[in-house]
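**Q** Input file: final.txt. Contents: compact mmCIF, C-alpha atoms.
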# COMPACT_ATOMS: atom_id res chain seq x y z
CA MET Z 256 -104.11 36.38 -28.21
CA SER Z 257 -102.30 38.38 -25.51
CA ALA Z 258 -102.76 37.94 -21.77
CA GLU Z 259 -104.72 41.19 -21.81
CA GLN Z 260 -107.52 39.91 -24.06
CA LEU Z 261 -109.97 38.83 -21.40
CA VAL Z 262 -112.98 36.73 -22.23
CA THR Z 263 -116.01 36.91 -19.95
CA ILE Z 264 -117.56 33.82 -18.42
CA PRO Z 265 -120.96 35.40 -17.78
CA ALA Z 266 -122.49 34.84 -14.36
CA ARG Z 267 -124.57 31.62 -14.41
CA LYS Z 268 -123.39 30.69 -17.93
CA GLY Z 269 -120.72 28.74 -19.83
CA LYS Z 270 -117.94 29.60 -22.24
CA ALA Z 271 -115.44 27.45 -24.14
CA ALA Z 272 -112.31 28.03 -26.23
CA PHE Z 273 -109.74 26.22 -28.31
CA VAL Z 274 -106.24 26.10 -26.84
CA ALA Z 275 -103.13 24.96 -28.69
CA LYS Z 276 -100.47 22.78 -27.05
CA GLY Z 277 -98.06 25.01 -25.13
CA GLN Z 278 -100.47 27.93 -24.74
CA LEU Z 279 -101.41 29.22 -21.30
CA VAL Z 280 -104.89 29.77 -19.90
CA LYS Z 281 -105.42 32.21 -17.04
CA ILE Z 282 -108.72 31.85 -15.17
CA ILE Z 283 -109.51 34.86 -13.00
CA ASN Z 284 -111.85 34.96 -10.02
CA THR Z 285 -112.67 38.56 -10.82
CA HIS Z 286 -114.97 39.19 -7.86
CA GLY Z 287 -113.23 36.66 -5.62
CA GLU Z 288 -116.05 34.29 -4.68
CA GLN Z 289 -117.14 32.66 -7.93
CA VAL Z 290 -116.73 28.92 -8.48
CA VAL Z 291 -115.64 28.12 -12.03
CA ASP Z 292 -116.33 24.55 -13.15
CA THR Z 293 -113.61 23.62 -15.63
CA TRP Z 294 -113.36 20.86 -18.24
CA ALA Z 295 -110.75 20.06 -20.88
CA PHE Z 296 -111.16 17.76 -23.88
CA ARG Z 297 -108.55 16.58 -26.34
CA ARG Z 298 -109.13 18.55 -29.52
CA ASP Z 299 -109.07 15.69 -32.03
CA ASP Z 300 -110.85 13.10 -29.88
CA MET Z 301 -113.17 14.54 -27.27
CA THR Z 302 -113.74 11.13 -25.67
CA GLU Z 303 -110.35 11.75 -24.06
CA PHE Z 304 -110.76 14.42 -21.39
CA MET Z 305 -109.45 15.69 -18.07
CA SER Z 306 -110.48 13.23 -15.37
CA ASN Z 307 -110.38 13.87 -11.65
CA GLU Z 308 -110.32 10.19 -10.69
CA HIS Z 309 -107.30 9.55 -12.91
CA THR Z 310 -105.55 12.76 -11.80
CA ARG Z 311 -106.00 11.98 -8.09
CA ALA Z 312 -104.41 8.54 -8.59
CA HIS Z 313 -101.38 10.25 -10.18
CA ILE Z 314 -100.81 13.35 -8.03
CA LEU Z 315 -101.94 11.58 -4.83
CA LYS Z 316 -103.88 14.64 -3.72
CA ILE Z 317 -107.52 15.66 -3.60
CA ILE Z 318 -106.67 19.21 -4.65
CA PRO Z 319 -104.04 19.93 -7.32
CA LYS Z 320 -101.24 22.32 -6.47
CA THR Z 321 -98.77 24.36 -8.51
CA GLY Z 322 -96.63 22.04 -10.62
CA ASP Z 323 -99.20 19.24 -10.78
CA ALA Z 324 -100.18 17.63 -14.07
CA LEU Z 325 -103.89 17.08 -14.66
CA LEU Z 326 -104.46 13.80 -16.48
CA THR Z 327 -106.97 12.55 -18.99
CA ASN Z 328 -108.97 9.35 -18.72
CA HIS Z 329 -106.07 7.86 -20.74
CA ARG Z 330 -103.68 9.06 -18.00
CA ARG Z 331 -101.86 11.57 -20.20
CA PRO Z 332 -101.19 15.14 -19.04
CA ILE Z 333 -103.68 17.52 -20.65
CA LEU Z 334 -103.01 20.59 -18.45
CA THR Z 335 -100.41 21.58 -15.89
CA LEU Z 336 -101.20 23.94 -13.01
CA LEU Z 337 -98.44 26.56 -13.27
CA GLU Z 338 -99.55 29.39 -11.00
CA ASP Z 339 -102.20 29.92 -8.34
CA THR Z 340 -102.76 33.23 -6.58
CA SER Z 341 -106.31 32.33 -5.49
CA GLY Z 342 -105.45 30.76 -2.15
CA GLY Z 343 -105.40 27.26 -3.59
CA VAL Z 344 -108.87 26.11 -2.52
CA HIS Z 345 -110.37 23.99 -5.31
CA ASP Z 346 -112.50 20.86 -5.54
CA THR Z 347 -112.32 17.58 -7.45
CA LEU Z 348 -114.97 15.63 -5.52
CA ILE Z 349 -118.32 17.10 -6.49
CA ALA Z 350 -120.29 16.59 -9.71
CA ALA Z 351 -121.33 19.52 -11.87
CA CYS Z 352 -124.71 20.80 -10.79
CA ASP Z 353 -127.56 19.78 -13.08
CA ARG Z 354 -131.31 20.01 -13.35
CA TYR Z 355 -131.68 16.99 -11.05
CA ARG Z 356 -129.70 18.82 -8.37
CA TYR Z 357 -131.97 21.85 -8.47
CA GLU Z 358 -135.10 19.71 -8.53
CA LEU Z 359 -133.87 18.07 -5.30
CA LEU Z 360 -133.17 21.54 -3.87
CA GLY Z 361 -136.81 22.41 -4.48
CA CYS Z 362 -136.55 24.54 -7.62
CA GLU Z 363 -139.56 24.59 -9.87
CA GLY Z 364 -138.96 25.12 -13.55
CA HIS Z 365 -135.61 25.82 -15.16
CA HIS Z 366 -132.53 26.71 -13.13
CA ASP Z 367 -129.24 27.45 -14.86
CA ASN Z 368 -126.75 24.66 -14.15
CA CYS Z 369 -123.14 23.78 -14.93
CA THR Z 370 -124.02 20.66 -16.91
CA ASP Z 371 -126.17 22.63 -19.35
CA ASN Z 372 -123.52 25.37 -19.38
CA LEU Z 373 -120.87 22.91 -20.50
CA ALA Z 374 -123.11 21.82 -23.36
CA GLN Z 375 -123.96 25.43 -24.26
CA GLY Z 376 -120.35 26.60 -24.16
CA LEU Z 377 -119.27 23.78 -26.45
CA ALA Z 378 -122.29 24.24 -28.71
CA ASP Z 379 -121.12 27.83 -29.32
CA LEU Z 380 -118.02 26.22 -30.88
CA GLY Z 381 -120.08 23.68 -32.81
CA LEU Z 382 -119.14 20.85 -30.44
CA THR Z 383 -121.00 18.36 -28.27
CA PRO Z 384 -119.58 16.91 -25.03
CA PRO Z 385 -119.24 13.11 -25.17
CA GLU Z 386 -120.47 13.08 -21.56
CA THR Z 387 -120.27 15.44 -18.53
CA PRO Z 388 -116.97 14.58 -16.87
CA SER Z 389 -116.59 15.36 -13.19
CA PRO Z 390 -115.29 18.95 -13.35
CA LEU Z 391 -112.26 20.58 -11.79
CA ASN Z 392 -114.16 23.05 -9.63
CA LEU Z 393 -111.82 26.02 -9.40
CA PHE Z 394 -112.21 28.22 -6.30
CA MET Z 395 -114.74 25.80 -4.72
CA ASN Z 396 -114.46 25.05 -1.02
CA ILE Z 397 -115.38 21.47 -0.09
CA PRO Z 398 -113.41 20.71 3.06
CA VAL Z 399 -112.89 17.06 4.00
CA ALA Z 400 -113.06 16.48 7.76
CA PRO Z 401 -110.94 13.86 9.56
CA ASP Z 402 -114.01 11.59 9.71
CA ASN Z 403 -114.24 11.70 5.86
CA THR Z 404 -117.32 13.90 5.84
CA LEU Z 405 -117.68 16.79 3.39
CA SER Z 406 -119.41 20.13 3.47
CA PHE Z 407 -120.26 22.85 0.96
CA GLU Z 408 -118.72 26.07 2.27
CA ALA Z 409 -118.26 29.67 1.18
CA PRO Z 410 -114.76 30.65 0.03
CA PRO Z 411 -112.60 30.80 3.17
CA ALA Z 412 -110.45 33.77 2.09
CA PRO Z 413 -111.68 35.34 -1.16
CA VAL Z 414 -109.03 37.00 -3.34
CA LYS Z 415 -110.55 39.47 -5.82
CA GLY Z 416 -108.68 38.95 -9.07
CA GLY Z 417 -107.04 35.77 -7.79
CA TYR Z 418 -106.22 33.47 -10.66
CA VAL Z 419 -104.77 30.18 -11.78
CA VAL Z 420 -102.64 29.63 -14.87
CA LEU Z 421 -102.84 26.31 -16.72
CA ARG Z 422 -100.54 25.19 -19.53
CA ALA Z 423 -102.03 23.08 -22.33
CA GLU Z 424 -100.11 19.84 -22.79
CA MET Z 425 -101.99 18.95 -25.99
CA ASP Z 426 -104.31 20.72 -28.40
CA LEU Z 427 -107.54 20.92 -26.47
CA VAL Z 428 -110.92 22.51 -25.93
CA ILE Z 429 -111.38 24.11 -22.53
CA ALA Z 430 -114.83 24.84 -21.11
CA PHE Z 431 -115.94 26.84 -18.10
CA SER Z 432 -119.13 27.46 -16.18
CA ALA Z 433 -119.57 30.34 -13.74
CA CYS Z 434 -121.54 28.12 -11.36
CA PRO Z 435 -125.16 29.35 -11.00
CA GLN Z 436 -125.55 27.92 -7.49
CA ASP Z 437 -127.57 30.53 -5.57
CA ILE Z 438 -129.15 28.31 -2.90
CA LEU Z 439 -126.04 27.00 -1.14
CA PRO Z 440 -123.29 29.52 -0.19
CA ILE Z 441 -120.64 27.93 -2.41
CA ASN Z 442 -120.29 31.19 -4.41
CA GLY Z 443 -120.17 33.28 -1.23
CA THR Z 444 -122.68 33.87 1.52
CA ALA Z 445 -124.52 36.43 -0.64
CA CYS Z 446 -125.50 33.50 -2.91
CA GLN Z 447 -125.00 35.79 -5.89
CA PRO Z 448 -123.17 34.28 -8.89
CA THR Z 449 -120.90 36.73 -10.71
CA ASP Z 450 -118.90 36.96 -13.91
CA ALA Z 451 -115.42 35.47 -14.07
CA HIS Z 452 -112.84 35.90 -16.83
CA PHE Z 453 -110.17 34.01 -18.69
CA SER Z 454 -107.52 34.60 -21.31
CA VAL Z 455 -105.61 32.28 -23.63
CA TYR Z 456 -102.12 33.39 -24.64
CA ASP Z 457 -98.79 32.15 -25.89
CA ALA Z 458 -96.16 31.27 -23.33
CA MET W 117 -131.68 -17.23 -6.10
CA SER W 118 -131.01 -17.83 -2.40
CA ALA W 119 -128.32 -16.16 -0.34
CA GLU W 120 -126.40 -19.43 -0.47
CA GLN W 121 -125.91 -19.44 -4.26
CA LEU W 122 -122.51 -17.84 -4.43
CA VAL W 123 -121.09 -16.60 -7.70
CA THR W 124 -117.32 -16.38 -8.06
CA ILE W 125 -115.60 -13.20 -9.14
CA PRO W 126 -112.42 -14.89 -10.35
CA ALA W 127 -109.12 -13.36 -9.25
CA ARG W 128 -108.06 -10.70 -11.78
CA LYS W 129 -111.35 -10.94 -13.71
CA GLY W 130 -114.84 -9.44 -13.95
CA LYS W 131 -118.37 -10.71 -13.46
CA ALA W 132 -121.78 -9.06 -13.87
CA ALA W 133 -125.39 -9.90 -13.04
CA PHE W 134 -128.92 -8.61 -13.43
CA VAL W 135 -130.61 -7.50 -10.20
CA ALA W 136 -134.29 -6.66 -9.83
CA LYS W 137 -135.52 -3.71 -7.79
CA GLY W 138 -135.77 -4.74 -4.14
CA GLN W 139 -133.31 -7.63 -4.40
CA LEU W 140 -130.19 -7.73 -2.24
CA VAL W 141 -126.60 -8.22 -3.35
CA LYS W 142 -124.01 -9.52 -0.90
CA ILE W 143 -120.37 -8.99 -1.91
CA ILE W 144 -117.96 -11.10 0.11
CA ASN W 145 -114.25 -10.45 0.62
CA THR W 146 -113.66 -14.18 0.84
CA HIS W 147 -109.92 -14.02 1.55
CA GLY W 148 -110.11 -10.67 3.30
CA GLU W 149 -107.75 -8.50 1.25
CA GLN W 150 -109.26 -8.32 -2.24
CA VAL W 151 -110.45 -5.00 -3.66
CA VAL W 152 -113.68 -5.37 -5.64
CA ASP W 153 -114.38 -2.57 -8.10
CA THR W 154 -118.15 -2.23 -8.34
CA TRP W 155 -120.42 -0.57 -10.91
CA ALA W 156 -124.20 -0.41 -11.28
CA PHE W 157 -126.16 0.59 -14.38
CA ARG W 158 -129.87 1.17 -14.78
CA ARG W 159 -131.21 -1.88 -16.58
CA ASP W 160 -133.30 -0.13 -19.25
CA ASP W 161 -130.92 2.78 -19.90
CA MET W 162 -127.30 2.07 -19.12
CA THR W 163 -126.31 5.70 -19.64
CA GLU W 164 -127.72 6.18 -16.13
CA PHE W 165 -125.29 4.60 -13.65
CA MET W 166 -123.96 4.81 -10.11
CA SER W 167 -121.78 7.91 -9.85
CA ASN W 168 -119.35 8.65 -7.04
CA GLU W 169 -119.28 12.39 -7.69
CA HIS W 170 -123.07 12.60 -7.44
CA THR W 171 -123.21 10.29 -4.42
CA ARG W 172 -120.58 12.27 -2.49
CA ALA W 173 -122.57 15.48 -3.02
CA HIS W 174 -125.61 13.77 -1.52
CA ILE W 175 -124.22 11.75 1.40
CA LEU W 176 -121.55 14.37 2.19
CA LYS W 177 -118.96 11.67 2.76
CA ILE W 178 -116.00 10.28 0.84
CA ILE W 179 -116.84 6.73 1.96
CA PRO W 180 -120.44 5.49 2.14
CA LYS W 181 -121.65 3.96 5.39
CA THR W 182 -124.53 1.69 6.34
CA GLY W 183 -127.83 3.38 5.47
CA ASP W 184 -126.40 5.55 2.71
CA ALA W 185 -128.02 5.72 -0.71
CA LEU W 186 -125.70 5.51 -3.71
CA LEU W 187 -126.92 7.82 -6.47
CA THR W 188 -126.85 7.73 -10.23
CA ASN W 189 -125.61 10.51 -12.49
CA HIS W 190 -129.31 11.55 -12.50
CA ARG W 191 -129.15 11.75 -8.69
CA ARG W 192 -131.59 8.89 -8.08
CA PRO W 193 -130.84 6.11 -5.60
CA ILE W 194 -129.70 2.99 -7.45
CA LEU W 195 -128.34 1.05 -4.46
CA THR W 196 -128.48 1.40 -0.67
CA LEU W 197 -125.70 0.13 1.59
CA LEU W 198 -127.57 -1.99 4.13
CA GLU W 199 -124.87 -3.96 5.96
CA ASP W 200 -121.09 -3.86 6.22
CA THR W 201 -119.06 -6.37 8.21
CA SER W 202 -115.83 -5.64 6.34
CA GLY W 203 -114.53 -2.88 8.57
CA GLY W 204 -115.98 -0.16 6.38
CA VAL W 205 -112.86 0.81 4.44
CA HIS W 206 -113.85 1.57 0.84
CA ASP W 207 -112.83 4.07 -1.83
CA THR W 208 -114.66 6.44 -4.16
CA LEU W 209 -111.69 8.58 -5.28
CA ILE W 210 -109.61 6.40 -7.59
CA ALA W 211 -110.31 5.45 -11.21
CA ALA W 212 -110.52 1.84 -12.29
CA CYS W 213 -107.10 0.57 -13.31
CA ASP W 214 -106.61 0.29 -17.06
CA ARG W 215 -103.95 -0.51 -19.60
CA TYR W 216 -102.59 3.03 -19.36
CA ARG W 217 -102.07 2.57 -15.62
CA TYR W 218 -100.03 -0.58 -16.07
CA GLU W 219 -98.02 0.95 -18.92
CA LEU W 220 -97.06 3.78 -16.54
CA LEU W 221 -96.18 1.19 -13.88
CA GLY W 222 -93.72 -0.35 -16.34
CA CYS W 223 -95.67 -3.40 -17.51
CA GLU W 224 -94.86 -4.67 -20.97
CA GLY W 225 -97.62 -6.41 -22.86
CA HIS W 226 -101.08 -7.14 -21.52
CA HIS W 227 -101.96 -6.81 -17.83
CA ASP W 228 -105.43 -7.65 -16.61
CA ASN W 229 -107.22 -4.48 -15.51
CA CYS W 230 -110.54 -3.45 -14.01
CA THR W 231 -111.61 -1.39 -17.03
CA ASP W 232 -111.31 -4.38 -19.35
CA ASN W 233 -112.93 -6.56 -16.67
CA LEU W 234 -115.99 -4.31 -16.59
CA ALA W 235 -116.31 -4.64 -20.35
CA GLN W 236 -115.76 -8.41 -20.22
CA GLY W 237 -118.24 -8.95 -17.38
CA LEU W 238 -120.93 -7.02 -19.22
CA ALA W 239 -120.06 -8.67 -22.55
CA ASP W 240 -120.84 -12.04 -20.93
CA LEU W 241 -124.40 -10.68 -20.52
CA GLY W 242 -124.48 -9.31 -24.08
CA LEU W 243 -124.03 -5.72 -22.87
CA THR W 244 -121.57 -2.90 -23.51
CA PRO W 245 -120.72 -0.22 -20.92
CA PRO W 246 -121.59 3.28 -22.15
CA GLU W 247 -118.32 4.44 -20.54
CA THR W 248 -116.19 3.37 -17.55
CA PRO W 249 -117.69 5.22 -14.58
CA SER W 250 -115.49 5.87 -11.58
CA PRO W 251 -116.08 2.67 -9.56
CA LEU W 252 -117.09 2.14 -5.97
CA ASN W 253 -113.94 0.36 -4.86
CA LEU W 254 -115.13 -1.96 -2.13
CA PHE W 255 -112.52 -2.94 0.49
CA MET W 256 -109.93 -0.51 -0.97
CA ASN W 257 -107.85 1.55 1.44
CA ILE W 258 -107.06 5.05 0.18
CA PRO W 259 -106.60 7.16 3.31
CA VAL W 260 -106.88 10.94 2.97
CA ALA W 261 -104.39 12.79 5.18
CA PRO W 262 -105.16 16.15 6.83
CA ASP W 263 -103.09 17.88 4.12
CA ASN W 264 -105.39 16.37 1.45
CA THR W 265 -102.80 13.90 0.21
CA LEU W 266 -103.73 10.30 -0.65
CA SER W 267 -101.91 7.00 -0.51
CA PHE W 268 -102.53 3.48 -1.78
CA GLU W 269 -102.38 1.19 1.26
CA ALA W 270 -102.93 -2.46 2.09
CA PRO W 271 -106.17 -3.28 3.94
CA PRO W 272 -105.72 -2.01 7.52
CA ALA W 273 -107.63 -4.82 9.24
CA PRO W 274 -108.59 -7.62 6.82
CA VAL W 275 -111.76 -9.56 7.66
CA LYS W 276 -111.89 -12.93 5.89
CA GLY W 277 -115.46 -13.36 4.74
CA GLY W 278 -116.29 -9.74 5.53
CA TYR W 279 -119.10 -8.52 3.32
CA VAL W 280 -121.36 -5.68 2.33
CA VAL W 281 -125.05 -5.97 1.43
CA LEU W 282 -126.55 -3.60 -1.12
CA ARG W 283 -130.25 -3.23 -1.93
CA ALA W 284 -131.23 -2.51 -5.53
CA GLU W 285 -133.44 0.58 -5.74
CA MET W 286 -134.22 0.01 -9.42
CA ASP W 287 -133.80 -2.82 -11.92
CA LEU W 288 -130.10 -2.76 -12.65
CA VAL W 289 -127.01 -4.50 -13.91
CA ILE W 290 -124.23 -4.84 -11.36
CA ALA W 291 -120.64 -5.48 -12.37
CA PHE W 292 -117.57 -6.40 -10.36
CA SER W 293 -113.85 -6.74 -10.93
CA ALA W 294 -111.54 -8.59 -8.53
CA CYS W 295 -108.84 -5.96 -9.01
CA PRO W 296 -105.73 -7.48 -10.67
CA GLN W 297 -103.34 -4.95 -9.09
CA ASP W 298 -100.22 -6.96 -8.18
CA ILE W 299 -97.61 -4.17 -8.20
CA LEU W 300 -98.98 -1.90 -5.46
CA PRO W 301 -100.08 -3.52 -2.15
CA ILE W 302 -103.72 -2.46 -2.49
CA ASN W 303 -104.83 -6.14 -2.44
CA GLY W 304 -102.57 -6.90 0.53
CA THR W 305 -98.82 -6.83 0.97
CA ALA W 306 -98.47 -10.20 -0.78
CA CYS W 307 -99.65 -8.45 -3.99
CA GLN W 308 -101.64 -11.57 -4.84
CA PRO W 309 -105.16 -10.98 -6.21
CA THR W 310 -107.69 -13.58 -5.09
CA ASP W 311 -111.23 -14.65 -5.86
CA ALA W 312 -114.15 -12.86 -4.24
CA HIS W 313 -117.80 -13.90 -4.26
CA PHE W 314 -121.27 -12.43 -4.46
CA SER W 315 -124.88 -13.53 -4.29
CA VAL W 316 -128.13 -11.97 -5.43
CA TYR W 317 -131.24 -12.86 -3.45
CA ASP W 318 -134.73 -11.72 -2.57
CA ALA W 319 -135.16 -9.60 0.55
So, in terms of structure tokens, how does the structure I just supplied come out?
**A**
Amino acid sequence: MSAEQLVTIPARKGKAAFVAKGQLVKIINTHGEQVVDTWAFRRDDMTEFMSNEHTRAHILKIIPKTGDALLTNHRRPILTLLEDTSGGVHDTLIAACDRYRYELLGCEGHHDNCTDNLAQGLADLGLTPPETPSPLNLFMNIPVAPDNTLSFEAPPAPVKGGYVVLRAEMDLVIAFSACPQDILPINGTACQPTDAHFSVYDA
Amino acid sequence: MSAEQLVTIPARKGKAAFVAKGQLVKIINTHGEQVVDTWAFRRDDMTEFMSNEHTRAHILKIIPKTGDALLTNHRRPILTLLEDTSGGVHDTLIAACDRYRYELLGCEGHHDNCTDNLAQGLADLGLTPPETPSPLNLFMNIPVAPDNTLSFEAPPAPVKGGYVVLRAEMDLVIAFSACPQDILPINGTACQPTDAHFSVYDA
């Protein structure tokens, strides 16, 4: 697959793909303000997966930067962050949204959510997540104040077409959700989720 | 059980207990510098458990403070932090140590670790953890710098006998590990894990 073959992550929905060791994955914030929840699972044993709490202990940062390895729950590199033209604002602290989240926000009935989107994206490949790991929330702005408080904020400096490039360090399954959050301004103050895109290609 | 009936969390090992809704749990840093990894699981469905990434999204803090509810992965309160005489330095960012961690730190052969201690503590009650959730690391000092970097530090102001009190918001199983980390100074610059204690009692 060439870098030009873009796959759509539809607004409010999930999408997953197989990636071979050594291949690159470019995730594009096409409209500049869309959070993309991202998960990676080892291909031949999905109980090993990218884990924020293990990665933070290794890179000694809350937010990964170019050159950083992202580790699994067995502390092995599964992805490396190679490039980042998005402004570098990402989140590793906040759980994927889920039906419980939207119930607490006052939604009645079904609301799209990243947890269901992970399951749906993997189901399209005939797979089932072993659990919902805490996602790498690309392009999500959760600033940490000096008093250790957090807030959910709109993107501080949206870059239309900004992207990150990840290199697969093992054969893996990658999954994305174009976060359907339309109550808090995490996807921009318009609270309007949009499509995002990705491509998988050889280095 | 009265507040006086102390249970030992042996240095480098794990211990678990059943707690009924409404009961209180006091966790005591007996020697003042011991990190106590803490987990809580819903009694009748252990796939629902205390989750840092869900709690942070709710309390909007990296470190819980007195009065804060600690949420499950279904975003329901499972524990409430009622009292804290320890100085209030705790961690929600770092994974439980595990055999992979000690292999990377250069250990040969077995090293006690909090992941195995969770399993052992629950096994003593005839239970198996559904996974190893990211623990609430009581008394653990992981400062976050303004540039979003982290560091593993010794306790900044150890309080011998300092404690926290948690109230159970549902019937649950609580599990602890007196962290066996003796390579980094997270349990004090002497790198000497010690016993800690807890009690479960009616309000």
**Q** Considering only C-alpha atoms, tabulate each residue of chain Z that lies at most 8 Å from chain W along with its nearest interatomic pair and the corresponding distance in Å to one decimal; arrange the rows by chain and ascending residue number and present them as CSV.
**A**
residue,atom,partner,partner_atom,distance
Z:Glu308,CA,W:Ala211,CA,4.8
Z:His309,CA,W:Ala211,CA,5.4
Z:Arg311,CA,W:Ile210,CA,6.7
Z:Ala312,CA,W:Ile210,CA,5.7
Z:Leu315,CA,W:Leu266,CA,4.7
Z:Lys316,CA,W:Thr265,CA,4.1
Z:Ile317,CA,W:Asn264,CA,5.5
Z:Ile318,CA,W:Asn264,CA,6.8
Z:His329,CA,W:Tyr216,CA,6.1
Z:Arg330,CA,W:Tyr216,CA,6.3
Z:Leu348,CA,W:Glu169,CA,5.8
Z:Ile349,CA,W:Glu169,CA,5.0
Z:Ala350,CA,W:Glu169,CA,4.8
Z:Tyr355,CA,W:His190,CA,6.1
Z:Arg356,CA,W:Arg191,CA,7.1
Z:Ser389,CA,W:Glu169,CA,6.8
Z:Val399,CA,W:Asn264,CA,8.0
Z:Ala400,CA,W:Pro262,CA,8.0
Z:Pro401,CA,W:Pro262,CA,6.8
Z:Asn403,CA,W:Ile178,CA,5.5
Z:Thr404,CA,W:Lys177,CA,4.1
Z:Leu405,CA,W:Leu176,CA,4.7
Z:Ser406,CA,W:Leu176,CA,6.3
**Q** Find the distance between CA of Lys276 in chain Z and CA of Gly342 in chain Z and write it in Å to one decimal.
**A**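 Here the two named atoms are 26.6 Å from each other.
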**Q** With all atoms listed in the file as the atoms that count, which of Z:Gly322, Z:Pro410, Z:Pro435, Z:Gly364 lies nearest to Glu338 in chain Z?
**A**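 Nearest to Glu338 in chain Z: Z:Gly322.
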**Q** Identify the residues within 10 Å of coordinate (-112.7, -15.0, 3.4) (same frame as the file), considering only C-alpha atoms, and give the answer as a PDB file with C-alpha atoms, keeping the file's coordinate frame.
**A**
ATOM      1  CA  ILE W 144    -117.960 -11.100   0.110  1.00  0.00           C
ATOM      2  CA  ASN W 145    -114.250 -10.450   0.620  1.00  0.00           C
ATOM      3  CA  THR W 146    -113.660 -14.180   0.840  1.00  0.00           C
ATOM      4  CA  HIS W 147    -109.920 -14.020   1.550  1.00  0.00           C
ATOM      5  CA  GLY W 148    -110.110 -10.670   3.300  1.00  0.00           C
ATOM      6  CA  GLU W 149    -107.750  -8.500   1.250  1.00  0.00           C
ATOM      7  CA  GLN W 150    -109.260  -8.320  -2.240  1.00  0.00           C
ATOM      8  CA  PRO W 274    -108.590  -7.620   6.820  1.00  0.00           C
ATOM      9  CA  VAL W 275    -111.760  -9.560   7.660  1.00  0.00           C
ATOM     10  CA  LYS W 276    -111.890 -12.930   5.890  1.00  0.00           C
ATOM     11  CA  GLY W 277    -115.460 -13.360   4.740  1.00  0.00           C
ATOM     12  CA  GLY W 278    -116.290  -9.740   5.530  1.00  0.00           C
ATOM     13  CA  TYR W 279    -119.100  -8.520   3.320  1.00  0.00           C
ATOM     14  CA  THR W 310    -107.690 -13.580  -5.090  1.00  0.00           C
ATOM     15  CA  ASP W 311    -111.230 -14.650  -5.860  1.00  0.00           C
ATOM     16  CA  ALA W 312    -114.150 -12.860  -4.240  1.00  0.00           C
ATOM     17  CA  HIS W 313    -117.800 -13.900  -4.260  1.00  0.00           C
TER      18      HIS W 313
END
**Q** Restricting the calculation to all atoms listed in the file, which member of W:Leu254, W:Ala235, W:Ile299, W:Cys307 is positioned closest to Ala132 in chain W?
**A**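 Using all atoms listed in the file, the shortest distance to Ala132 in chain W belongs to W:Ala235.
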**Q** Between CA of Arg422 in chain Z and CA of Leu334 in chain Z, what distance in Å does the model show, to one decimal?
**A**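 The value is 5.3 Å.
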**Q** Got a sec: who's within 10 Å of range 295-301 of chain Z, counting only C-alpha atoms, leaving out chain neighbours fewer than 2 positions off, as a ChimeraX atom specification?
**A** /Z:271-276,293,303-306,325-327,333-334,382-386,388,390-391,423-431
**Q** Could you please determine the separation between CA of Gln447 in chain Z and CA of Phe394 in chain Z in Å, to one decimal place?
**A**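 Between CA of Gln447 in chain Z and CA of Phe394 in chain Z the gap works out to 14.9 Å.
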